[in-house]
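Heads up, the thing below is written out as structure tokens.
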Amino acid sequence: MSRLHVLQARDYPRMPWKNGAGFTEEIARDHGNGLDGFGWRLSIADIQASGAFSSFAGYQRIITVLQGDGMRLWVDGQLSRPLLPFDGFAFEGASEVDCHLIGGPIRDFNLIYAPQRYRARLQWLEGFNRLHTSASTVLLFAASQAVEVAAGHQALQLGRHDCLQLEGNEALLALDVQGQCCLIELDPR
């Protein structure tokens, strides 16, 4: 049976990075059903200074700048394109990654998932969108101040950085969305 609920930004727990160089606000995670580690995790991080990223061996990462001028990443010795707001960038969690901030501190958005356990799709949307998904887990993260969502007979409004989470979806779900947001679709392998 599917479960739909809204996660509010003011309630996200704040925790230190694995490498101790900053803090993350965890939006949601799959606890792995008794397996080691998590299956997926969605979070927001504040990056105050250029430096190294934590390693997440066995995971895939997709990172997006939410606020600030942007950054460039050195991933295993290769320099990325400039990563500007709402431009997702994927890399292996085990990669050696160093961040260079373009104009000062930034806030970023991260999806980290175990590709051997989940298939994942992430896309940024703006304006009005009619979406259809059959993904088992659907997350809709609000990037703008107010995002309006119609899911079936429910109408919801998300504030900035709130997240709609649907677990256990077993049918084709139709969503009408107005505002700037990120749609994440996850299916177990």
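Quick note on naming: the chains in the structure tokens go A, B, ... in the order shown, residues restart at 1 in each chain, and ligands are numbered from 1 in order of appearance.
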Could you produce a table of the residues of range 27-101 of chain A lying within 9 Å of range 7-17 of chain A, with the nearest pair of atoms per residue and their separation in Å rounded to one decimal, using only C-alpha atoms, ordered by chain and increasing residue number, as a Markdown table?
```
| residue | atom | partner | partner_atom | distance |
| --- | --- | --- | --- | --- |
| A:Ile27 | CA | A:Tyr12 | CA | 5.6 |
| A:Ala28 | CA | A:Leu7 | CA | 8.2 |
| A:Ser43 | CA | A:Tyr12 | CA | 8.8 |
| A:Ala45 | CA | A:Trp17 | CA | 8.8 |
| A:Phe53 | CA | A:Trp17 | CA | 8.8 |
| A:Ser54 | CA | A:Trp17 | CA | 7.1 |
```
Write down as a PyMOL selection string the residues of range 40-105 of chain A whose backbone DSSP state falls under strand (DSSP E or B).
-> chain A and resi 40-47+51-52+60-67+71-75+78-79+83+85+89-92+97-101
Looking at A:Tyr59, A:Phe89, A:Trp124, A:Phe38, which one is nearest to Ala142 in chain A, with distances taken over only C-alpha atoms?
->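 Among A:Tyr59, A:Phe89, A:Trp124, A:Phe38, it is A:Trp124 that comes nearest to Ala142 in chain A.
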Residues at most 7 Å from Ala114 in chain A, counting only C-alpha atoms, excluding those fewer than 5 positions away in the same chain, as a PyMOL selection string?
-> chain A and resi 39-40+58-60
